[in-house]
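Note: the block below is protein14.pdb and it holds PDB, C-alpha atoms, pLDDT in the B column.
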```
ATOM      1  CA  MET T1376      25.016  29.683  -5.194  1.00 34.00           C
ATOM      2  CA  ALA T1377      25.658  28.461  -1.636  1.00 43.00           C
ATOM      3  CA  SER T1378      21.919  27.974  -1.142  1.00 51.00           C
ATOM      4  CA  ASP T1379      21.716  25.903  -4.350  1.00 52.00           C
ATOM      5  CA  LEU T1380      24.678  23.807  -3.236  1.00 49.00           C
ATOM      6  CA  LEU T1381      23.133  23.124   0.171  1.00 80.00           C
ATOM      7  CA  SER T1382      19.865  22.185  -1.493  1.00 86.00           C
ATOM      8  CA  ARG T1383      21.607  19.730  -3.838  1.00 85.00           C
ATOM      9  CA  GLU T1384      23.561  18.214  -0.948  1.00 89.00           C
ATOM     10  CA  ARG T1385      20.371  17.850   1.081  1.00 93.00           C
ATOM     11  CA  GLN T1386      18.546  16.249  -1.828  1.00 91.00           C
ATOM     12  CA  ASP T1387      21.428  13.840  -2.420  1.00 89.00           C
ATOM     13  CA  ALA T1388      21.190  12.794   1.235  1.00 92.00           C
ATOM     14  CA  ILE T1389      17.413  12.398   0.953  1.00 93.00           C
ATOM     15  CA  ARG T1390      17.802  10.199  -2.098  1.00 86.00           C
ATOM     16  CA  ALA T1391      20.363   8.044  -0.270  1.00 84.00           C
ATOM     17  CA  GLU T1392      17.886   7.598   2.582  1.00 87.00           C
ATOM     18  CA  LEU T1393      15.157   6.667   0.088  1.00 84.00           C
ATOM     19  CA  ARG T1394      17.363   3.985  -1.450  1.00 74.00           C
ATOM     20  CA  GLN T1395      18.076   2.544   1.990  1.00 73.00           C
ATOM     21  CA  SER T1396      14.674   2.827   3.670  1.00 74.00           C
ATOM     22  CA  GLY T1397      12.218   3.143   0.796  1.00 74.00           C
ATOM     23  CA  ARG T1398      10.408   6.156   2.279  1.00 83.00           C
ATOM     24  CA  VAL T1399      11.049   9.435   4.110  1.00 90.00           C
ATOM     25  CA  LEU T1400       8.849  11.695   6.239  1.00 93.00           C
ATOM     26  CA  ALA T1401       9.059  15.475   5.879  1.00 94.00           C
ATOM     27  CA  GLY T1402       8.968  16.035   9.635  1.00 93.00           C
ATOM     28  CA  ASP T1403      11.835  13.648  10.296  1.00 93.00           C
ATOM     29  CA  LEU T1404      13.933  15.210   7.538  1.00 94.00           C
ATOM     30  CA  ALA T1405      13.268  18.741   8.810  1.00 93.00           C
ATOM     31  CA  ARG T1406      14.549  17.780  12.240  1.00 93.00           C
ATOM     32  CA  ALA T1407      17.566  15.935  10.838  1.00 92.00           C
ATOM     33  CA  PHE T1408      18.626  18.834   8.584  1.00 92.00           C
ATOM     34  CA  LYS T1409      17.512  21.560  11.027  1.00 91.00           C
ATOM     35  CA  VAL T1410      15.366  23.280   8.404  1.00 92.00           C
ATOM     36  CA  SER T1411      11.638  23.958   8.108  1.00 93.00           C
ATOM     37  CA  GLU T1412       9.175  21.381   6.808  1.00 93.00           C
ATOM     38  CA  ASP T1413       8.341  23.848   4.004  1.00 93.00           C
ATOM     39  CA  THR T1414      11.975  23.641   2.895  1.00 94.00           C
ATOM     40  CA  ILE T1415      11.855  19.845   2.890  1.00 95.00           C
ATOM     41  CA  ARG T1416       8.542  19.817   1.032  1.00 93.00           C
ATOM     42  CA  ARG T1417      10.106  22.075  -1.604  1.00 93.00           C
ATOM     43  CA  ASP T1418      13.053  19.670  -1.878  1.00 94.00           C
ATOM     44  CA  LEU T1419      10.684  16.731  -2.318  1.00 94.00           C
ATOM     45  CA  ARG T1420       8.620  18.565  -4.933  1.00 91.00           C
ATOM     46  CA  GLU T1421      11.774  19.354  -6.917  1.00 91.00           C
ATOM     47  CA  MET T1422      12.969  15.766  -6.628  1.00 89.00           C
ATOM     48  CA  ALA T1423       9.596  14.398  -7.731  1.00 87.00           C
ATOM     49  CA  ALA T1424       9.526  16.787 -10.713  1.00 82.00           C
ATOM     50  CA  ALA T1425      12.983  15.513 -11.672  1.00 78.00           C
ATOM     51  CA  GLY T1426      11.799  11.904 -11.456  1.00 72.00           C
ATOM     52  CA  LEU T1427      13.894  11.087  -8.396  1.00 80.00           C
ATOM     53  CA  CYS T1428      11.117  10.140  -5.963  1.00 84.00           C
ATOM     54  CA  GLU T1429       7.366   9.821  -5.589  1.00 82.00           C
ATOM     55  CA  ARG T1430       5.601  12.442  -3.447  1.00 86.00           C
ATOM     56  CA  VAL T1431       3.003  11.124  -0.994  1.00 85.00           C
ATOM     57  CA  TYR T1432       1.117  12.528   1.985  1.00 84.00           C
ATOM     58  CA  GLY T1433       3.655  13.504   4.641  1.00 89.00           C
ATOM     59  CA  GLY T1434       6.816  12.669   2.703  1.00 92.00           C
ATOM     60  CA  ALA T1435       8.060  10.667  -0.270  1.00 90.00           C
ATOM     61  CA  LEU T1436       8.631   7.123  -1.488  1.00 82.00           C
ATOM     62  CA  ALA T1437      11.475   5.673  -3.503  1.00 78.00           C
ATOM     63  CA  LEU T1438      10.650   4.970  -7.125  1.00 70.00           C
ATOM     64  CA  PRO T1439       9.449   1.417  -7.780  1.00 58.00           C
ATOM     65  CA  ALA T1440      12.699   0.412  -9.446  1.00 50.00           C
ATOM     66  CA  GLU T1441      14.589   1.455  -6.298  1.00 52.00           C
ATOM     67  CA  GLN T1442      12.180  -0.029  -3.753  1.00 57.00           C
ATOM     68  CA  PRO T1443      12.149  -3.867  -3.773  1.00 56.00           C
ATOM     69  CA  PHE T1444       9.401  -5.766  -1.981  1.00 57.00           C
ATOM     70  CA  SER T1445      11.824  -6.854   0.737  1.00 56.00           C
ATOM     71  CA  VAL T1446      12.353  -3.182   1.594  1.00 58.00           C
ATOM     72  CA  ARG T1447       8.632  -2.367   1.572  1.00 59.00           C
ATOM     73  CA  THR T1448       7.972  -5.254   3.970  1.00 58.00           C
ATOM     74  CA  GLY T1449      10.238  -3.692   6.574  1.00 55.00           C
ATOM     75  CA  ILE T1450       8.834  -0.152   6.288  1.00 59.00           C
ATOM     76  CA  SER T1451       6.385   0.937   9.019  1.00 64.00           C
ATOM     77  CA  ARG T1452       6.073  -2.615  10.311  1.00 72.00           C
ATOM     78  CA  GLY T1453       4.339  -1.553  13.532  1.00 80.00           C
ATOM     79  CA  ARG T1454       1.755   0.576  11.735  1.00 87.00           C
ATOM     80  CA  LYS T1455       0.985  -2.254   9.329  1.00 91.00           C
ATOM     81  CA  GLN T1456       0.501  -4.646  12.234  1.00 92.00           C
ATOM     82  CA  MET T1457      -2.070  -2.257  13.757  1.00 94.00           C
ATOM     83  CA  LEU T1458      -3.904  -2.095  10.428  1.00 96.00           C
ATOM     84  CA  ALA T1459      -3.741  -5.890  10.218  1.00 96.00           C
ATOM     85  CA  ALA T1460      -5.334  -6.300  13.647  1.00 95.00           C
ATOM     86  CA  ALA T1461      -8.284  -4.179  12.493  1.00 96.00           C
ATOM     87  CA  ALA T1462      -8.574  -6.025   9.183  1.00 97.00           C
ATOM     88  CA  VAL T1463      -8.775  -9.548  10.618  1.00 96.00           C
ATOM     89  CA  SER T1464     -11.888  -8.552  12.564  1.00 94.00           C
ATOM     90  CA  CYS T1465     -13.672  -8.382   9.198  1.00 96.00           C
ATOM     91  CA  LEU T1466     -12.947 -12.050   8.382  1.00 97.00           C
ATOM     92  CA  LYS T1467     -15.460 -14.767   9.271  1.00 96.00           C
ATOM     93  CA  ASP T1468     -15.480 -18.557   9.162  1.00 97.00           C
ATOM     94  CA  GLY T1469     -16.599 -19.980   5.833  1.00 97.00           C
ATOM     95  CA  MET T1470     -15.607 -16.991   3.713  1.00 98.00           C
ATOM     96  CA  THR T1471     -13.705 -17.203   0.445  1.00 98.00           C
ATOM     97  CA  VAL T1472     -11.154 -14.393   0.465  1.00 98.00           C
ATOM     98  CA  PHE T1473      -8.746 -13.207  -2.195  1.00 98.00           C
ATOM     99  CA  VAL T1474      -5.661 -11.515  -0.722  1.00 98.00           C
ATOM    100  CA  ASP T1475      -3.811  -9.301  -3.167  1.00 97.00           C
ATOM    101  CA  ALA T1476      -0.065  -8.676  -3.080  1.00 93.00           C
ATOM    102  CA  GLY T1477       1.298  -6.120  -0.645  1.00 90.00           C
ATOM    103  CA  SER T1478       3.312  -5.782   2.534  1.00 89.00           C
ATOM    104  CA  THR T1479       0.280  -4.672   4.571  1.00 93.00           C
ATOM    105  CA  ASN T1480      -1.731  -7.588   3.213  1.00 96.00           C
ATOM    106  CA  LEU T1481       1.066  -9.960   4.210  1.00 95.00           C
ATOM    107  CA  ALA T1482       0.833  -8.509   7.736  1.00 95.00           C
ATOM    108  CA  ILE T1483      -2.922  -9.210   7.710  1.00 97.00           C
ATOM    109  CA  VAL T1484      -2.396 -12.888   6.903  1.00 97.00           C
ATOM    110  CA  GLN T1485       0.356 -13.135   9.517  1.00 95.00           C
ATOM    111  CA  ALA T1486      -2.153 -11.770  12.057  1.00 96.00           C
ATOM    112  CA  LEU T1487      -4.918 -14.313  11.342  1.00 96.00           C
ATOM    113  CA  PRO T1488      -6.226 -15.796  14.606  1.00 94.00           C
ATOM    114  CA  PRO T1489      -5.867 -19.530  15.361  1.00 91.00           C
ATOM    115  CA  GLY T1490      -8.923 -21.572  14.519  1.00 92.00           C
ATOM    116  CA  LEU T1491     -10.182 -19.401  11.683  1.00 96.00           C
ATOM    117  CA  SER T1492     -11.626 -21.534   8.877  1.00 97.00           C
ATOM    118  CA  LEU T1493     -11.861 -20.097   5.376  1.00 97.00           C
ATOM    119  CA  THR T1494     -10.597 -20.402   1.798  1.00 98.00           C
ATOM    120  CA  LEU T1495      -7.813 -17.989   0.926  1.00 98.00           C
ATOM    121  CA  ALA T1496      -6.619 -17.346  -2.623  1.00 98.00           C
ATOM    122  CA  THR T1497      -3.588 -15.205  -3.405  1.00 98.00           C
ATOM    123  CA  ASN T1498      -1.146 -14.376  -6.175  1.00 97.00           C
ATOM    124  CA  MET T1499       1.678 -13.747  -3.695  1.00 96.00           C
ATOM    125  CA  PRO T1500       3.847 -16.707  -2.612  1.00 96.00           C
ATOM    126  CA  ALA T1501       4.792 -15.101   0.729  1.00 95.00           C
ATOM    127  CA  ILE T1502       1.107 -14.748   1.622  1.00 97.00           C
ATOM    128  CA  ALA T1503       0.383 -18.360   0.615  1.00 97.00           C
ATOM    129  CA  VAL T1504       3.218 -19.590   2.854  1.00 96.00           C
ATOM    130  CA  ALA T1505       1.951 -17.521   5.794  1.00 96.00           C
ATOM    131  CA  ALA T1506      -1.592 -18.836   5.307  1.00 97.00           C
ATOM    132  CA  LEU T1507      -0.390 -22.446   5.304  1.00 96.00           C
ATOM    133  CA  GLU T1508       0.550 -22.021   8.965  1.00 94.00           C
ATOM    134  CA  HIS T1509      -3.190 -22.231   9.743  1.00 95.00           C
ATOM    135  CA  ALA T1510      -4.703 -25.714   9.592  1.00 94.00           C
ATOM    136  CA  GLY T1511      -8.208 -24.353   9.007  1.00 96.00           C
ATOM    137  CA  ILE T1512      -7.321 -22.322   5.918  1.00 97.00           C
ATOM    138  CA  GLU T1513      -7.511 -23.838   2.454  1.00 98.00           C
ATOM    139  CA  VAL T1514      -4.970 -22.078   0.247  1.00 98.00           C
ATOM    140  CA  ILE T1515      -5.355 -21.495  -3.488  1.00 97.00           C
ATOM    141  CA  THR T1516      -2.449 -19.971  -5.403  1.00 97.00           C
ATOM    142  CA  ILE T1517      -2.867 -17.811  -8.486  1.00 96.00           C
ATOM    143  CA  GLY T1518      -0.102 -18.770 -10.899  1.00 91.00           C
ATOM    144  CA  GLY T1519       2.055 -17.297 -13.604  1.00 90.00           C
ATOM    145  CA  ARG T1520       5.269 -15.306 -13.782  1.00 90.00           C
ATOM    146  CA  ILE T1521       6.356 -13.740 -10.502  1.00 91.00           C
ATOM    147  CA  ASP T1522       7.121 -10.046 -10.883  1.00 85.00           C
ATOM    148  CA  ARG T1523      10.126  -9.306  -8.663  1.00 77.00           C
ATOM    149  CA  HIS T1524       9.032  -5.792  -7.759  1.00 76.00           C
ATOM    150  CA  VAL T1525       5.409  -6.699  -6.997  1.00 83.00           C
ATOM    151  CA  GLY T1526       6.437  -9.955  -5.303  1.00 86.00           C
ATOM    152  CA  ALA T1527       3.522 -11.794  -6.903  1.00 93.00           C
ATOM    153  CA  ALA T1528       2.167 -13.351 -10.081  1.00 94.00           C
ATOM    154  CA  ILE T1529       0.637 -10.879 -12.523  1.00 93.00           C
ATOM    155  CA  GLY T1530      -0.059 -11.015 -16.225  1.00 92.00           C
ATOM    156  CA  ALA T1531      -2.241 -13.118 -18.525  1.00 94.00           C
ATOM    157  CA  GLN T1532      -1.977 -16.471 -16.712  1.00 95.00           C
ATOM    158  CA  ALA T1533      -2.683 -14.900 -13.322  1.00 95.00           C
ATOM    159  CA  GLU T1534      -5.681 -13.064 -14.758  1.00 95.00           C
ATOM    160  CA  ARG T1535      -7.061 -16.314 -16.226  1.00 95.00           C
ATOM    161  CA  ASP T1536      -6.716 -18.043 -12.857  1.00 95.00           C
ATOM    162  CA  LEU T1537      -8.463 -15.140 -11.165  1.00 94.00           C
ATOM    163  CA  GLU T1538     -11.452 -15.442 -13.503  1.00 93.00           C
ATOM    164  CA  MET T1539     -12.298 -18.762 -11.806  1.00 94.00           C
ATOM    165  CA  LEU T1540     -12.931 -17.035  -8.471  1.00 95.00           C
ATOM    166  CA  ARG T1541     -15.870 -15.093  -7.079  1.00 96.00           C
ATOM    167  CA  PRO T1542     -14.715 -14.340  -3.527  1.00 98.00           C
ATOM    168  CA  ASP T1543     -16.801 -12.940  -0.706  1.00 98.00           C
ATOM    169  CA  LEU T1544     -14.046 -10.441   0.003  1.00 98.00           C
ATOM    170  CA  CYS T1545     -11.031  -9.055  -1.834  1.00 98.00           C
ATOM    171  CA  ILE T1546      -8.295  -7.636   0.401  1.00 98.00           C
ATOM    172  CA  LEU T1547      -6.784  -5.276  -2.110  1.00 98.00           C
ATOM    173  CA  GLY T1548      -3.397  -3.576  -2.171  1.00 95.00           C
ATOM    174  CA  THR T1549      -3.015  -0.018  -3.447  1.00 93.00           C
ATOM    175  CA  CYS T1550      -0.317   2.604  -3.947  1.00 87.00           C
ATOM    176  CA  GLY T1551      -2.690   5.543  -3.563  1.00 90.00           C
ATOM    177  CA  LEU T1552      -6.059   6.250  -1.917  1.00 95.00           C
ATOM    178  CA  ASP T1553      -7.911   9.450  -2.759  1.00 95.00           C
ATOM    179  CA  ALA T1554     -11.601  10.355  -2.450  1.00 97.00           C
ATOM    180  CA  ARG T1555     -11.818  11.640  -6.025  1.00 96.00           C
ATOM    181  CA  ALA T1556      -9.259   9.497  -7.854  1.00 96.00           C
ATOM    182  CA  GLY T1557     -10.078   6.300  -5.937  1.00 97.00           C
ATOM    183  CA  LEU T1558      -7.518   3.517  -5.721  1.00 97.00           C
ATOM    184  CA  THR T1559      -4.520   3.976  -8.024  1.00 93.00           C
ATOM    185  CA  GLY T1560      -1.258   2.191  -8.760  1.00 88.00           C
ATOM    186  CA  LEU T1561       2.136   2.515 -10.395  1.00 80.00           C
ATOM    187  CA  VAL T1562       2.679  -0.765 -12.273  1.00 82.00           C
ATOM    188  CA  TYR T1563       0.354  -1.198 -15.266  1.00 88.00           C
ATOM    189  CA  ASP T1564       0.153  -5.017 -15.278  1.00 91.00           C
ATOM    190  CA  ASP T1565      -0.323  -5.104 -11.511  1.00 91.00           C
ATOM    191  CA  VAL T1566      -3.161  -2.580 -11.748  1.00 93.00           C
ATOM    192  CA  ALA T1567      -4.811  -4.578 -14.544  1.00 95.00           C
ATOM    193  CA  PHE T1568      -4.770  -7.622 -12.259  1.00 96.00           C
ATOM    194  CA  LYS T1569      -6.111  -5.654  -9.278  1.00 97.00           C
ATOM    195  CA  LYS T1570      -9.006  -4.302 -11.364  1.00 97.00           C
ATOM    196  CA  ILE T1571     -10.178  -7.838 -12.093  1.00 96.00           C
ATOM    197  CA  ALA T1572      -9.752  -8.900  -8.454  1.00 97.00           C
ATOM    198  CA  ALA T1573     -11.808  -5.952  -7.197  1.00 97.00           C
ATOM    199  CA  ALA T1574     -14.535  -6.410  -9.792  1.00 96.00           C
ATOM    200  CA  ARG T1575     -15.086 -10.115  -9.097  1.00 96.00           C
ATOM    201  CA  ALA T1576     -15.425  -9.821  -5.308  1.00 97.00           C
ATOM    202  CA  ALA T1577     -18.670  -9.152  -3.454  1.00 98.00           C
ATOM    203  CA  ALA T1578     -16.830  -6.696  -1.202  1.00 98.00           C
ATOM    204  CA  VAL T1579     -13.429  -5.017  -1.084  1.00 98.00           C
ATOM    205  CA  LEU T1580     -11.247  -4.192   1.922  1.00 98.00           C
ATOM    206  CA  VAL T1581      -8.237  -1.864   1.754  1.00 98.00           C
ATOM    207  CA  ALA T1582      -5.916  -1.318   4.742  1.00 97.00           C
ATOM    208  CA  CYS T1583      -3.912   1.810   4.044  1.00 93.00           C
ATOM    209  CA  THR T1584      -0.985   3.505   5.778  1.00 90.00           C
ATOM    210  CA  SER T1585      -1.285   7.287   5.966  1.00 89.00           C
ATOM    211  CA  ASP T1586       1.542   7.925   3.505  1.00 83.00           C
ATOM    212  CA  LYS T1587      -0.740   6.631   0.732  1.00 88.00           C
ATOM    213  CA  LEU T1588      -3.617   9.005   1.534  1.00 91.00           C
ATOM    214  CA  GLU T1589      -4.333  11.575  -1.190  1.00 89.00           C
ATOM    215  CA  ALA T1590      -1.615  10.012  -3.365  1.00 85.00           C
ATOM    216  CA  VAL T1591      -2.718   9.715  -6.999  1.00 85.00           C
ATOM    217  CA  HIS T1592      -0.867   7.514  -9.491  1.00 83.00           C
ATOM    218  CA  PRO T1593      -1.113   7.022 -13.269  1.00 83.00           C
ATOM    219  CA  PHE T1594      -3.261   3.865 -13.343  1.00 90.00           C
ATOM    220  CA  VAL T1595      -6.761   3.527 -11.862  1.00 95.00           C
ATOM    221  CA  ILE T1596      -7.642   0.355  -9.939  1.00 97.00           C
ATOM    222  CA  ALA T1597     -11.181   1.259  -8.873  1.00 97.00           C
ATOM    223  CA  SER T1598     -13.418   4.101  -7.776  1.00 97.00           C
ATOM    224  CA  LEU T1599     -14.508   4.151  -4.146  1.00 98.00           C
ATOM    225  CA  SER T1600     -18.004   2.883  -3.380  1.00 97.00           C
ATOM    226  CA  ASP T1601     -20.323   1.520  -0.711  1.00 97.00           C
ATOM    227  CA  ARG T1602     -19.024  -2.026  -1.169  1.00 96.00           C
ATOM    228  CA  MET T1603     -15.612  -1.007   0.131  1.00 98.00           C
ATOM    229  CA  THR T1604     -14.220  -0.950   3.661  1.00 98.00           C
ATOM    230  CA  LEU T1605     -11.215   1.319   4.163  1.00 98.00           C
ATOM    231  CA  ILE T1606      -9.047   0.809   7.240  1.00 98.00           C
ATOM    232  CA  LEU T1607      -7.017   3.881   8.186  1.00 97.00           C
ATOM    233  CA  GLU T1608      -4.423   4.511  10.844  1.00 95.00           C
ATOM    234  CA  ALA T1609      -5.681   5.860  14.170  1.00 93.00           C
ATOM    235  CA  ASP T1610      -4.150   9.287  13.561  1.00 91.00           C
ATOM    236  CA  ALA T1611      -5.133   9.662   9.895  1.00 93.00           C
ATOM    237  CA  PRO T1612      -6.401  13.239   9.339  1.00 94.00           C
ATOM    238  CA  ASP T1613     -10.110  13.605  10.102  1.00 95.00           C
ATOM    239  CA  ALA T1614     -10.708  15.752   6.996  1.00 95.00           C
ATOM    240  CA  ILE T1615      -9.351  13.020   4.731  1.00 95.00           C
ATOM    241  CA  ALA T1616     -11.384  10.346   6.514  1.00 96.00           C
ATOM    242  CA  THR T1617     -14.553  12.436   6.105  1.00 97.00           C
ATOM    243  CA  GLY T1618     -13.922  12.858   2.380  1.00 97.00           C
ATOM    244  CA  LEU T1619     -13.432   9.114   1.984  1.00 97.00           C
ATOM    245  CA  LYS T1620     -16.623   8.396   3.950  1.00 97.00           C
ATOM    246  CA  ASP T1621     -18.581  10.683   1.631  1.00 97.00           C
ATOM    247  CA  THR T1622     -17.893   8.232  -1.231  1.00 98.00           C
ATOM    248  CA  GLY T1623     -20.096   5.668   0.535  1.00 98.00           C
ATOM    249  CA  ALA T1624     -17.192   3.542   1.743  1.00 98.00           C
ATOM    250  CA  THR T1625     -17.131   2.245   5.305  1.00 98.00           C
ATOM    251  CA  ILE T1626     -14.263   3.777   7.292  1.00 98.00           C
ATOM    252  CA  LEU T1627     -12.578   1.892  10.147  1.00 97.00           C
ATOM    253  CA  ARG T1628      -9.675   3.098  12.264  1.00 95.00           C
ATOM    254  CA  ALA T1629      -6.869   0.904  13.534  1.00 94.00           C
ATOM    255  CA  GLU T1630      -6.460   0.992  17.299  1.00 84.00           C
ATOM    256  CA  PRO T1631      -3.381   2.893  18.502  1.00 73.00           C
ATOM    257  CA  VAL T1632      -0.700   1.104  20.461  1.00 57.00           C
ATOM    258  CA  ALA T1633      -1.419   1.271  24.190  1.00 52.00           C
ATOM    259  CA  GLY T1634       1.004   3.229  26.340  1.00 45.00           C
TER     260      GLY T1634
END
```

Here is the file; what I need is its structure written in the form of structure tokens.
Amino acid sequence: MASDLLSRERQDAIRAELRQSGRVLAGDLARAFKVSEDTIRRDLREMAAAGLCERVYGGALALPAEQPFSVRTGISRGRKQMLAAAAVSCLKDGMTVFVDAGSTNLAIVQALPPGLSLTLATNMPAIAVAALEHAGIEVITIGGRIDRHVGAAIGAQAERDLEMLRPDLCILGTCGLDARAGLTGLVYDDVAFKKIAAARAAAVLVACTSDKLEAVHPFVIASLSDRMTLILEADAPDAIATGLKDTGATILRAEPVAG
């Protein structure tokens, strides 16, 4: 009984941390509670089975309804900036680029170098505003109803606007990246929009934090292929990177922070 009570108390504390921060790491929780990582992983499995969180590589995420975009933007800011620095090296003058919604994708646009000249289309107002800081970037907004959780326009009007584009590159957001399942997401209408964006582009780039690796969600965005570039964190597990490379995708690693 005491063990069950401690487990419930620990899980209540984990859920409180998820509501505040949006994500938790098993290693951090093990140190905080002075228990093994296996114990924490068991807690997270039980919580996920009860519909209280979403299990991902290395920890867990808050459920979409409990994780607003403003929270996601502040999570792992430094890691997203490293991914962004690697992603901007793939952008060239004269390109037409569609930038999908996502906190990592916002970091990419915020990291664009001065003097870059290209056309950037996006369904996310925050990304459009960031792009307007660059005189050489022509900005096209994809319209329609703004979904508060996604932070961007999705739905029929946004899909019609997207049909007018054939970009050189689609910088795509994803909730999960897995060699077998491909790119997957949690919000049906958002995934439907992403599928169109990926299909219409000549090439696709995905910058992915490690907590999304091997995560598989209910809705499929796209299978991995040789027209995709996947940017991983510097310390992403080599075995996972090798499996992703075997799909034909190009794998790039973000540079670690010096010192």

Find the residues around stretch 1625-1627 of chain T up to 6 Å (only C-alpha atoms counted), leave out those fewer than 6 positions away in its own chain, and share them as a PyMOL selection string. chain T and resi 1604-1606

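If you measure from each of T:Gly1526, T:Gly1433, T:Pro1488, T:Gly1548 to T:His1509 using only C-alpha atoms, the closest one turns out to be T:Pro1488.
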
Tell me, as a PDB file with C-alpha atoms, keeping the file's coordinate frame, which residues lie within 10 Å of T:Leu1607, counting all atoms listed in the file; anything in the same chain fewer than 2 positions away does not count.
```pdb
ATOM      1  CA  MET T1457      -2.070  -2.257  13.757  1.00 94.00           C
ATOM      2  CA  LEU T1458      -3.904  -2.095  10.428  1.00 96.00           C
ATOM      3  CA  ALA T1461      -8.284  -4.179  12.493  1.00 96.00           C
ATOM      4  CA  VAL T1581      -8.237  -1.864   1.754  1.00 98.00           C
ATOM      5  CA  ALA T1582      -5.916  -1.318   4.742  1.00 97.00           C
ATOM      6  CA  CYS T1583      -3.912   1.810   4.044  1.00 93.00           C
ATOM      7  CA  THR T1584      -0.985   3.505   5.778  1.00 90.00           C
ATOM      8  CA  SER T1585      -1.285   7.287   5.966  1.00 89.00           C
ATOM      9  CA  LEU T1588      -3.617   9.005   1.534  1.00 91.00           C
ATOM     10  CA  THR T1604     -14.220  -0.950   3.661  1.00 98.00           C
ATOM     11  CA  LEU T1605     -11.215   1.319   4.163  1.00 98.00           C
ATOM     12  CA  ALA T1609      -5.681   5.860  14.170  1.00 93.00           C
ATOM     13  CA  ASP T1610      -4.150   9.287  13.561  1.00 91.00           C
ATOM     14  CA  ALA T1611      -5.133   9.662   9.895  1.00 93.00           C
ATOM     15  CA  PRO T1612      -6.401  13.239   9.339  1.00 94.00           C
ATOM     16  CA  ALA T1616     -11.384  10.346   6.514  1.00 96.00           C
ATOM     17  CA  ILE T1626     -14.263   3.777   7.292  1.00 98.00           C
ATOM     18  CA  LEU T1627     -12.578   1.892  10.147  1.00 97.00           C
ATOM     19  CA  ARG T1628      -9.675   3.098  12.264  1.00 95.00           C
ATOM     20  CA  ALA T1629      -6.869   0.904  13.534  1.00 94.00           C
ATOM     21  CA  GLU T1630      -6.460   0.992  17.299  1.00 84.00           C
TER      22      GLU T1630
END
```

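Relative to atom CA of T:Glu1412, atom CA of T:Glu1589 is found at 18.5 Å.
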
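You can rank T:Ala1505, T:Ala1531, T:Leu1481, T:Val1472 by their closest distance to T:Arg1575 using all atoms listed in the file, and at the top of that list sits T:Val1472.
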
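Close to (-10.7, 12.2, 1.1), meaning no more than 9 Å away when counting only C-alpha atoms, sit the residues Leu1552, Asp1553, Ala1554, Arg1555, Leu1588, Glu1589, Ala1614, Ile1615, Ala1616, Thr1617, Gly1618, Leu1619, Lys1620, Asp1621 and Thr1622 of chain T.
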
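Using all atoms listed in the file, the smallest distance between any of T:Ala1577, T:Leu1561, T:Met1539, T:Val1595 and T:Leu1436 comes from T:Leu1561.
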
Env of stretch 1542-1544 of chain T: 12 Å cut, atoms = all atoms listed in the file, seq-sep filter 3 positions within chain, self excluded. Answer as an NGL selection string. :T and (1462-1463 or 1465-1475 or 1493-1497 or 1515 or 1537-1539 or 1547 or 1571-1581 or 1602-1604)

Selected by the PyMOL selection byres ((chain T and resi 1483) around 8) in the shown coordinates: which residues, as number ranges by chain? T: 1456, 1458-1460, 1462-1463, 1479-1482, 1484-1487

Reconstruct N, CA, C and O atoms of stretch 1604-1611 of chain T from the incomplete input and present them as a compact mmCIF listing (two decimals), in the coordinates of the input.
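Written file, part.txt:
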```txt
# COMPACT_ATOMS: atom_id res chain seq x y z
N THR T 1604 -14.60 -1.30 2.30
CA THR T 1604 -14.22 -0.95 3.66
C THR T 1604 -12.78 -0.47 3.63
O THR T 1604 -11.90 -1.17 3.13
N LEU T 1605 -12.55 0.72 4.15
CA LEU T 1605 -11.22 1.32 4.16
C LEU T 1605 -10.74 1.40 5.61
O LEU T 1605 -11.41 2.01 6.45
N ILE T 1606 -9.61 0.78 5.90
CA ILE T 1606 -9.05 0.81 7.24
C ILE T 1606 -7.89 1.79 7.25
O ILE T 1606 -6.91 1.64 6.51
N LEU T 1607 -8.01 2.82 8.09
CA LEU T 1607 -7.02 3.88 8.19
C LEU T 1607 -6.29 3.80 9.52
O LEU T 1607 -6.78 3.20 10.47
N GLU T 1608 -5.14 4.44 9.58
CA GLU T 1608 -4.42 4.51 10.84
C GLU T 1608 -5.20 5.37 11.84
O GLU T 1608 -6.01 6.23 11.46
N ALA T 1609 -4.94 5.16 13.12
CA ALA T 1609 -5.68 5.86 14.17
C ALA T 1609 -5.55 7.37 14.05
O ALA T 1609 -6.50 8.11 14.33
N ASP T 1610 -4.38 7.85 13.63
CA ASP T 1610 -4.15 9.29 13.56
C ASP T 1610 -4.28 9.85 12.15
O ASP T 1610 -3.82 10.98 11.89
N ALA T 1611 -4.91 9.13 11.24
CA ALA T 1611 -5.13 9.66 9.90
C ALA T 1611 -5.97 10.93 10.00
O ALA T 1611 -6.90 11.01 10.82
```
